>>> print(open('upload.cif').read())   # mmCIF, C-alpha atoms
data_start
#
loop_
_atom_site.group_PDB
_atom_site.id
_atom_site.type_symbol
_atom_site.label_atom_id
_atom_site.label_comp_id
_atom_site.auth_asym_id
_atom_site.auth_seq_id
_atom_site.Cartn_x
_atom_site.Cartn_y
_atom_site.Cartn_z
ATOM 1 C CA MET A 3 127.016 87.392 119.096
ATOM 2 C CA GLU A 4 126.035 87.366 115.436
ATOM 3 C CA ARG A 5 127.350 89.960 113.058
ATOM 4 C CA PRO A 6 125.152 92.848 111.915
ATOM 5 C CA ILE A 7 123.393 92.692 108.571
ATOM 6 C CA ARG A 8 125.637 94.242 105.903
ATOM 7 C CA VAL A 9 123.871 96.364 103.285
ATOM 8 C CA LEU A 10 125.245 97.978 100.146
ATOM 9 C CA VAL A 11 123.185 100.982 99.012
ATOM 10 C CA ALA A 12 123.856 102.020 95.426
ATOM 11 C CA LYS A 13 122.635 104.466 92.783
ATOM 12 C CA PRO A 14 123.086 102.778 89.390
ATOM 13 C CA GLY A 15 122.926 104.633 86.114
ATOM 14 C CA LEU A 16 122.876 108.332 85.399
ATOM 15 C CA ASP A 17 120.290 109.318 88.003
ATOM 16 C CA GLY A 18 121.730 112.123 90.120
ATOM 17 C CA HIS A 19 119.151 112.271 92.919
ATOM 18 C CA ASP A 20 120.319 110.485 96.053
ATOM 19 C CA ARG A 21 118.375 111.984 98.945
ATOM 20 C CA GLY A 22 116.101 108.918 99.261
ATOM 21 C CA ALA A 23 119.063 106.540 99.144
ATOM 22 C CA LYS A 24 120.777 108.497 101.904
ATOM 23 C CA VAL A 25 117.621 108.529 104.059
ATOM 24 C CA VAL A 26 117.264 104.757 103.702
ATOM 25 C CA ALA A 27 120.980 104.214 104.356
ATOM 26 C CA ARG A 28 120.761 106.232 107.561
ATOM 27 C CA ALA A 29 117.615 104.382 108.722
ATOM 28 C CA LEU A 30 119.292 101.016 108.150
ATOM 29 C CA ARG A 31 122.394 102.183 109.995
ATOM 30 C CA ASP A 32 120.297 103.522 112.881
ATOM 31 C CA ALA A 33 118.615 100.084 113.032
ATOM 32 C CA GLY A 34 122.014 98.501 113.719
ATOM 33 C CA MET A 35 123.005 97.413 110.237
ATOM 34 C CA GLU A 36 126.369 98.050 108.625
ATOM 35 C CA VAL A 37 125.744 100.208 105.564
ATOM 36 C CA ILE A 38 128.067 100.909 102.662
ATOM 37 C CA TYR A 39 126.889 103.713 100.360
ATOM 38 C CA THR A 40 128.617 103.673 96.983
ATOM 39 C CA GLY A 41 127.499 107.091 95.778
ATOM 40 C CA LEU A 42 126.053 108.267 92.482
ATOM 41 C CA ARG A 43 126.411 106.957 88.934
ATOM 42 C CA GLN A 44 127.526 103.413 89.656
ATOM 43 C CA THR A 45 127.735 100.850 86.871
ATOM 44 C CA PRO A 46 126.325 97.347 87.384
ATOM 45 C CA GLU A 47 129.912 96.059 87.397
ATOM 46 C CA MET A 48 130.926 98.514 90.123
ATOM 47 C CA ILE A 49 127.926 97.528 92.254
ATOM 48 C CA ALA A 50 128.517 93.771 91.933
ATOM 49 C CA GLU A 51 132.217 94.182 92.686
ATOM 50 C CA ALA A 52 131.514 96.346 95.754
ATOM 51 C CA ALA A 53 128.984 93.766 96.995
ATOM 52 C CA LEU A 54 131.604 91.051 96.645
ATOM 53 C CA GLN A 55 134.406 93.048 98.275
ATOM 54 C CA GLU A 56 132.217 94.188 101.169
ATOM 55 C CA ASP A 57 130.715 90.703 101.734
ATOM 56 C CA VAL A 58 127.180 92.087 101.962
ATOM 57 C CA ASP A 59 123.927 90.314 102.727
ATOM 58 C CA VAL A 60 121.757 92.847 100.916
ATOM 59 C CA VAL A 61 122.039 95.235 97.967
ATOM 60 C CA GLY A 62 119.622 98.148 97.980
ATOM 61 C CA LEU A 63 119.301 100.013 94.700
ATOM 62 C CA SER A 64 117.707 103.411 94.192
ATOM 63 C CA ILE A 65 116.600 104.150 90.640
ATOM 64 C CA LEU A 66 114.514 107.173 89.748
ATOM 65 C CA SER A 67 115.442 107.364 86.065
ATOM 66 C CA GLY A 68 113.183 104.595 84.761
ATOM 67 C CA ALA A 69 116.169 102.455 83.771
ATOM 68 C CA HIS A 70 115.437 99.692 86.285
ATOM 69 C CA MET A 71 114.456 97.115 83.642
ATOM 70 C CA ALA A 72 117.805 97.639 81.896
ATOM 71 C CA LEU A 73 120.024 97.875 84.982
ATOM 72 C CA LEU A 74 118.512 95.250 87.288
ATOM 73 C CA PRO A 75 118.968 92.196 85.045
ATOM 74 C CA ARG A 76 122.647 93.031 84.550
ATOM 75 C CA ILE A 77 123.275 93.580 88.268
ATOM 76 C CA LEU A 78 121.552 90.295 89.148
ATOM 77 C CA GLU A 79 123.494 88.475 86.416
ATOM 78 C CA LEU A 80 126.798 89.796 87.756
ATOM 79 C CA LEU A 81 125.950 88.931 91.360
ATOM 80 C CA ARG A 82 125.117 85.355 90.351
ATOM 81 C CA ALA A 83 128.233 85.052 88.183
ATOM 82 C CA GLN A 84 130.357 86.038 91.201
ATOM 83 C CA GLY A 85 128.728 83.423 93.428
ATOM 84 C CA GLN A 86 126.551 85.958 95.254
ATOM 85 C CA SER A 87 123.153 84.425 94.580
ATOM 86 C CA HIS A 88 122.505 84.503 98.352
ATOM 87 C CA VAL A 89 122.582 88.336 98.344
ATOM 88 C CA ARG A 90 119.073 89.791 98.624
ATOM 89 C CA VAL A 91 118.288 92.685 96.278
ATOM 90 C CA PHE A 92 115.840 95.487 97.051
ATOM 91 C CA LEU A 93 114.792 98.328 94.796
ATOM 92 C CA GLY A 94 113.507 101.773 95.607
ATOM 93 C CA GLY A 95 112.431 104.586 93.347
ATOM 94 C CA ILE A 96 109.899 105.329 90.666
ATOM 95 C CA ILE A 97 108.809 101.845 89.623
ATOM 96 C CA PRO A 98 105.587 101.272 87.644
ATOM 97 C CA ASP A 99 103.248 98.761 89.296
ATOM 98 C CA GLU A 100 103.261 96.546 86.203
ATOM 99 C CA ASP A 101 107.043 96.058 86.536
ATOM 100 C CA VAL A 102 106.929 94.787 90.125
ATOM 101 C CA PRO A 103 105.933 91.164 89.274
ATOM 102 C CA LEU A 104 108.642 91.012 86.588
ATOM 103 C CA LEU A 105 111.217 92.280 89.056
ATOM 104 C CA ALA A 106 110.123 89.665 91.596
ATOM 105 C CA GLU A 107 110.532 86.936 88.967
ATOM 106 C CA MET A 108 114.076 88.184 88.349
ATOM 107 C CA GLY A 109 114.892 87.859 92.044
ATOM 108 C CA VAL A 110 114.208 91.289 93.554
ATOM 109 C CA VAL A 111 112.796 90.634 97.031
ATOM 110 C CA GLY A 112 111.269 94.059 97.664
ATOM 111 C CA VAL A 113 110.253 97.157 95.746
ATOM 112 C CA PHE A 114 109.611 100.414 97.592
ATOM 113 C CA GLY A 115 108.118 103.524 96.064
ATOM 114 C CA PRO A 116 108.154 107.141 97.186
ATOM 115 C CA GLY A 117 106.709 107.691 100.644
ATOM 116 C CA THR A 118 107.478 104.198 101.955
ATOM 117 C CA SER A 119 108.209 104.334 105.670
ATOM 118 C CA THR A 120 111.837 103.653 106.532
ATOM 119 C CA GLN A 121 110.579 101.270 109.217
ATOM 120 C CA VAL A 122 108.917 99.166 106.493
ATOM 121 C CA VAL A 123 112.255 98.986 104.663
ATOM 122 C CA VAL A 124 114.160 98.049 107.837
ATOM 123 C CA GLU A 125 111.687 95.274 108.659
ATOM 124 C CA ALA A 126 111.741 93.933 105.074
ATOM 125 C CA VAL A 127 115.535 93.755 105.094
ATOM 126 C CA ARG A 128 115.586 91.944 108.432
ATOM 127 C CA GLU A 129 112.943 89.490 107.250
ATOM 128 C CA ALA A 130 114.753 88.775 103.968
ATOM 129 C CA VAL A 131 118.036 88.001 105.715
ATOM 130 C CA LYS A 132 116.556 85.647 108.338
#
>>> encode(input="upload.cif", output="structure tokens")
Amino acid sequence: MERPIRVLVAKPGLDGHDRGAKVVARALRDAGMEVIYTGLRQTPEMIAEAALQEDVDVVGLSILSGAHMALLPRILELLRAQGQSHVRVFLGGIIPDEDVPLLAEMGVVGVFGPGTSTQVVVEAVREAVK
């Protein structure tokens, strides 16, 4: 029996709205994944360290503040520096369409905006970890 997919869901930066992150976390858990939710106002360092300590396959970030282009590069840099380049990173929130290709170039494997079905997120996570 293989182990369940382990997902870290985090809210980096000063954004204080976490309803979407909690909905996604619950959907992933209900789909049989192990989910660790770090809570609000996490620094990139806290997120990378939690990913390392929890031995996750996926990091899901929820950013509604518009700070994704400042936070994402640092989080990805820290994950790589800790030998976690295998960890898949997803992003949800308010992300302008023109930023999506840049995020993909950085290594983000999926970007989900408001209204995305939780089933779409679950399937994308499963596909990315295959």
>>> residues_around(input="upload.cif", residues="A:Leu74", least_positions_apart="5", cutoff="12 Å", atoms="all atoms listed in the file", output="PyMOL selection string")
chain A and resi 12-15+45-47+49-50+61-65+68-69+79-81+91-94+97+101-102+104-110+113
>>> closest_residue(input="upload.cif", among="A:Met35, A:Leu10, A:Val123, A:Ala53", to="A:Gln84", atoms="all atoms listed in the file")
A:Ala53
>>> resolve_selection(input="upload.cif", expression="the PyMOL selection byres ((chain A and resi 7) around 10)", output="ChimeraX atom specification")
/A:4-6,8-9,30-31,33-37,58-60,127-128,131-132
>>> resolve_selection(input="upload.cif", expression="the PyMOL selection byres ((chain A and resi 118) around 12)", output="compact mmCIF listing (two decimals) with C-alpha atoms, in the frame of the given file")
# COMPACT_ATOMS: atom_id res chain seq x y z
CA GLY A 22 116.10 108.92 99.26
CA VAL A 25 117.62 108.53 104.06
CA VAL A 26 117.26 104.76 103.70
CA LEU A 93 114.79 98.33 94.80
CA GLY A 94 113.51 101.77 95.61
CA GLY A 95 112.43 104.59 93.35
CA ILE A 96 109.90 105.33 90.67
CA GLY A 112 111.27 94.06 97.66
CA VAL A 113 110.25 97.16 95.75
CA PHE A 114 109.61 100.41 97.59
CA GLY A 115 108.12 103.52 96.06
CA PRO A 116 108.15 107.14 97.19
CA GLY A 117 106.71 107.69 100.64
CA SER A 119 108.21 104.33 105.67
CA THR A 120 111.84 103.65 106.53
CA GLN A 121 110.58 101.27 109.22
CA VAL A 122 108.92 99.17 106.49
CA VAL A 123 112.26 98.99 104.66
CA VAL A 124 114.16 98.05 107.84
CA GLU A 125 111.69 95.27 108.66
CA ALA A 126 111.74 93.93 105.07
>>> atom_distance(input="upload.cif", atom1="atom CA of A:Ala23", atom2="atom CA of A:Gly85")
25.7 Å
>>> closest_residue(input="upload.cif", among="A:Asp32, A:Glu129, A:Asp99, A:Glu51", to="A:Val111", atoms="only C-alpha atoms")
A:Glu129
>>> atom_distance(input="upload.cif", atom1="atom CA of A:Leu16", atom2="atom CA of A:Arg90")
23.1 Å
>>> closest_residue(input="upload.cif", among="A:Ala72, A:Glu100, A:Leu54, A:Arg28", to="A:His88", atoms="all atoms listed in the file")
A:Leu54
>>> atom_distance(input="upload.cif", atom1="atom CA of A:Arg82", atom2="atom CA of A:Ser67")
24.4 Å
>>> decode(input="upload.cif", residues="stretch 39-65 of chain A", atoms="N, CA, C and O atoms", output="mmCIF file, in the first residue's frame")
data_model
loop_
_atom_site.group_PDB
_atom_site.id
_atom_site.type_symbol
_atom_site.label_atom_id
_atom_site.label_comp_id
_atom_site.auth_asym_id
_atom_site.auth_seq_id
_atom_site.Cartn_x
_atom_site.Cartn_y
_atom_site.Cartn_z
ATOM 1 N N TYR A 39 -2.200 22.227 7.462
ATOM 2 C CA TYR A 39 -2.522 23.636 7.239
ATOM 3 C C TYR A 39 -1.727 24.458 8.239
ATOM 4 O O TYR A 39 -1.865 24.279 9.444
ATOM 5 N N THR A 40 -0.907 25.372 7.732
ATOM 6 C CA THR A 40 -0.008 26.124 8.609
ATOM 7 C C THR A 40 -0.641 27.352 9.231
ATOM 8 O O THR A 40 -0.077 27.931 10.154
ATOM 9 N N GLY A 41 -1.761 27.796 8.720
ATOM 10 C CA GLY A 41 -2.405 28.988 9.267
ATOM 11 C C GLY A 41 -1.991 30.248 8.538
ATOM 12 O O GLY A 41 -1.293 30.222 7.529
ATOM 13 N N LEU A 42 -2.427 31.372 9.084
ATOM 14 C CA LEU A 42 -2.217 32.685 8.471
ATOM 15 C C LEU A 42 -0.825 33.247 8.718
ATOM 16 O O LEU A 42 -0.149 32.868 9.667
ATOM 17 N N ARG A 43 -0.456 34.192 7.863
ATOM 18 C CA ARG A 43 0.727 35.043 8.019
ATOM 19 C C ARG A 43 2.041 34.280 8.165
ATOM 20 O O ARG A 43 2.848 34.550 9.042
ATOM 21 N N GLN A 44 2.238 33.328 7.270
ATOM 22 C CA GLN A 44 3.465 32.537 7.279
ATOM 23 C C GLN A 44 4.540 33.221 6.438
ATOM 24 O O GLN A 44 4.251 33.770 5.372
ATOM 25 N N THR A 45 5.769 33.173 6.892
ATOM 26 C CA THR A 45 6.879 33.696 6.110
ATOM 27 C C THR A 45 7.342 32.603 5.136
ATOM 28 O O THR A 45 7.083 31.409 5.360
ATOM 29 N N PRO A 46 8.040 32.986 4.077
ATOM 30 C CA PRO A 46 8.593 31.957 3.184
ATOM 31 C C PRO A 46 9.464 30.954 3.931
ATOM 32 O O PRO A 46 9.416 29.748 3.657
ATOM 33 N N GLU A 47 10.239 31.433 4.894
ATOM 34 C CA GLU A 47 11.103 30.542 5.677
ATOM 35 C C GLU A 47 10.276 29.535 6.490
ATOM 36 O O GLU A 47 10.635 28.351 6.569
ATOM 37 N N MET A 48 9.195 30.002 7.083
ATOM 38 C CA MET A 48 8.332 29.107 7.858
ATOM 39 C C MET A 48 7.701 28.037 6.962
ATOM 40 O O MET A 48 7.602 26.868 7.352
ATOM 41 N N ILE A 49 7.291 28.438 5.760
ATOM 42 C CA ILE A 49 6.660 27.501 4.834
ATOM 43 C C ILE A 49 7.660 26.442 4.368
ATOM 44 O O ILE A 49 7.364 25.244 4.387
ATOM 45 N N ALA A 50 8.849 26.868 3.963
ATOM 46 C CA ALA A 50 9.861 25.909 3.498
ATOM 47 C C ALA A 50 10.263 24.952 4.616
ATOM 48 O O ALA A 50 10.433 23.754 4.378
ATOM 49 N N GLU A 51 10.413 25.466 5.814
ATOM 50 C CA GLU A 51 10.785 24.618 6.949
ATOM 51 C C GLU A 51 9.679 23.608 7.265
ATOM 52 O O GLU A 51 9.953 22.433 7.520
ATOM 53 N N ALA A 52 8.423 24.055 7.246
ATOM 54 C CA ALA A 52 7.305 23.143 7.501
ATOM 55 C C ALA A 52 7.239 22.065 6.426
ATOM 56 O O ALA A 52 6.992 20.895 6.730
ATOM 57 N N ALA A 53 7.476 22.447 5.170
ATOM 58 C CA ALA A 53 7.474 21.459 4.076
ATOM 59 C C ALA A 53 8.545 20.408 4.297
ATOM 60 O O ALA A 53 8.316 19.215 4.078
ATOM 61 N N LEU A 54 9.708 20.836 4.747
ATOM 62 C CA LEU A 54 10.804 19.914 5.017
ATOM 63 C C LEU A 54 10.463 19.004 6.196
ATOM 64 O O LEU A 54 10.604 17.773 6.105
ATOM 65 N N GLN A 55 10.018 19.577 7.283
ATOM 66 C CA GLN A 55 9.713 18.805 8.492
ATOM 67 C C GLN A 55 8.573 17.808 8.279
ATOM 68 O O GLN A 55 8.583 16.717 8.845
ATOM 69 N N GLU A 56 7.601 18.205 7.470
ATOM 70 C CA GLU A 56 6.432 17.343 7.243
ATOM 71 C C GLU A 56 6.618 16.378 6.070
ATOM 72 O O GLU A 56 5.731 15.568 5.807
ATOM 73 N N ASP A 57 7.753 16.478 5.363
ATOM 74 C CA ASP A 57 8.064 15.588 4.246
ATOM 75 C C ASP A 57 6.914 15.548 3.231
ATOM 76 O O ASP A 57 6.393 14.491 2.884
ATOM 77 N N VAL A 58 6.533 16.734 2.745
ATOM 78 C CA VAL A 58 5.382 16.829 1.854
ATOM 79 C C VAL A 58 5.767 16.603 0.401
ATOM 80 O O VAL A 58 6.916 16.758 0.002
ATOM 81 N N ASP A 59 4.751 16.246 -0.377
ATOM 82 C CA ASP A 59 4.883 16.088 -1.823
ATOM 83 C C ASP A 59 4.485 17.371 -2.547
ATOM 84 O O ASP A 59 4.934 17.629 -3.659
ATOM 85 N N VAL A 60 3.597 18.134 -1.912
ATOM 86 C CA VAL A 60 2.992 19.301 -2.534
ATOM 87 C C VAL A 60 2.898 20.432 -1.527
ATOM 88 O O VAL A 60 2.593 20.201 -0.351
ATOM 89 N N VAL A 61 3.141 21.668 -2.001
ATOM 90 C CA VAL A 61 2.860 22.870 -1.220
ATOM 91 C C VAL A 61 1.803 23.650 -1.987
ATOM 92 O O VAL A 61 1.983 23.962 -3.168
ATOM 93 N N GLY A 62 0.706 23.933 -1.319
ATOM 94 C CA GLY A 62 -0.355 24.749 -1.899
ATOM 95 C C GLY A 62 -0.382 26.090 -1.188
ATOM 96 O O GLY A 62 -0.503 26.133 0.034
ATOM 97 N N LEU A 63 -0.237 27.157 -1.946
ATOM 98 C CA LEU A 63 -0.193 28.496 -1.378
ATOM 99 C C LEU A 63 -1.441 29.269 -1.777
ATOM 100 O O LEU A 63 -1.870 29.193 -2.931
ATOM 101 N N SER A 64 -1.992 30.010 -0.852
ATOM 102 C CA SER A 64 -3.141 30.860 -1.120
ATOM 103 C C SER A 64 -2.728 32.301 -0.874
ATOM 104 O O SER A 64 -2.363 32.662 0.248
ATOM 105 N N ILE A 65 -2.766 33.100 -1.953
ATOM 106 C CA ILE A 65 -2.349 34.499 -1.845
ATOM 107 C C ILE A 65 -3.393 35.389 -2.501
ATOM 108 O O ILE A 65 -3.617 35.308 -3.711
#
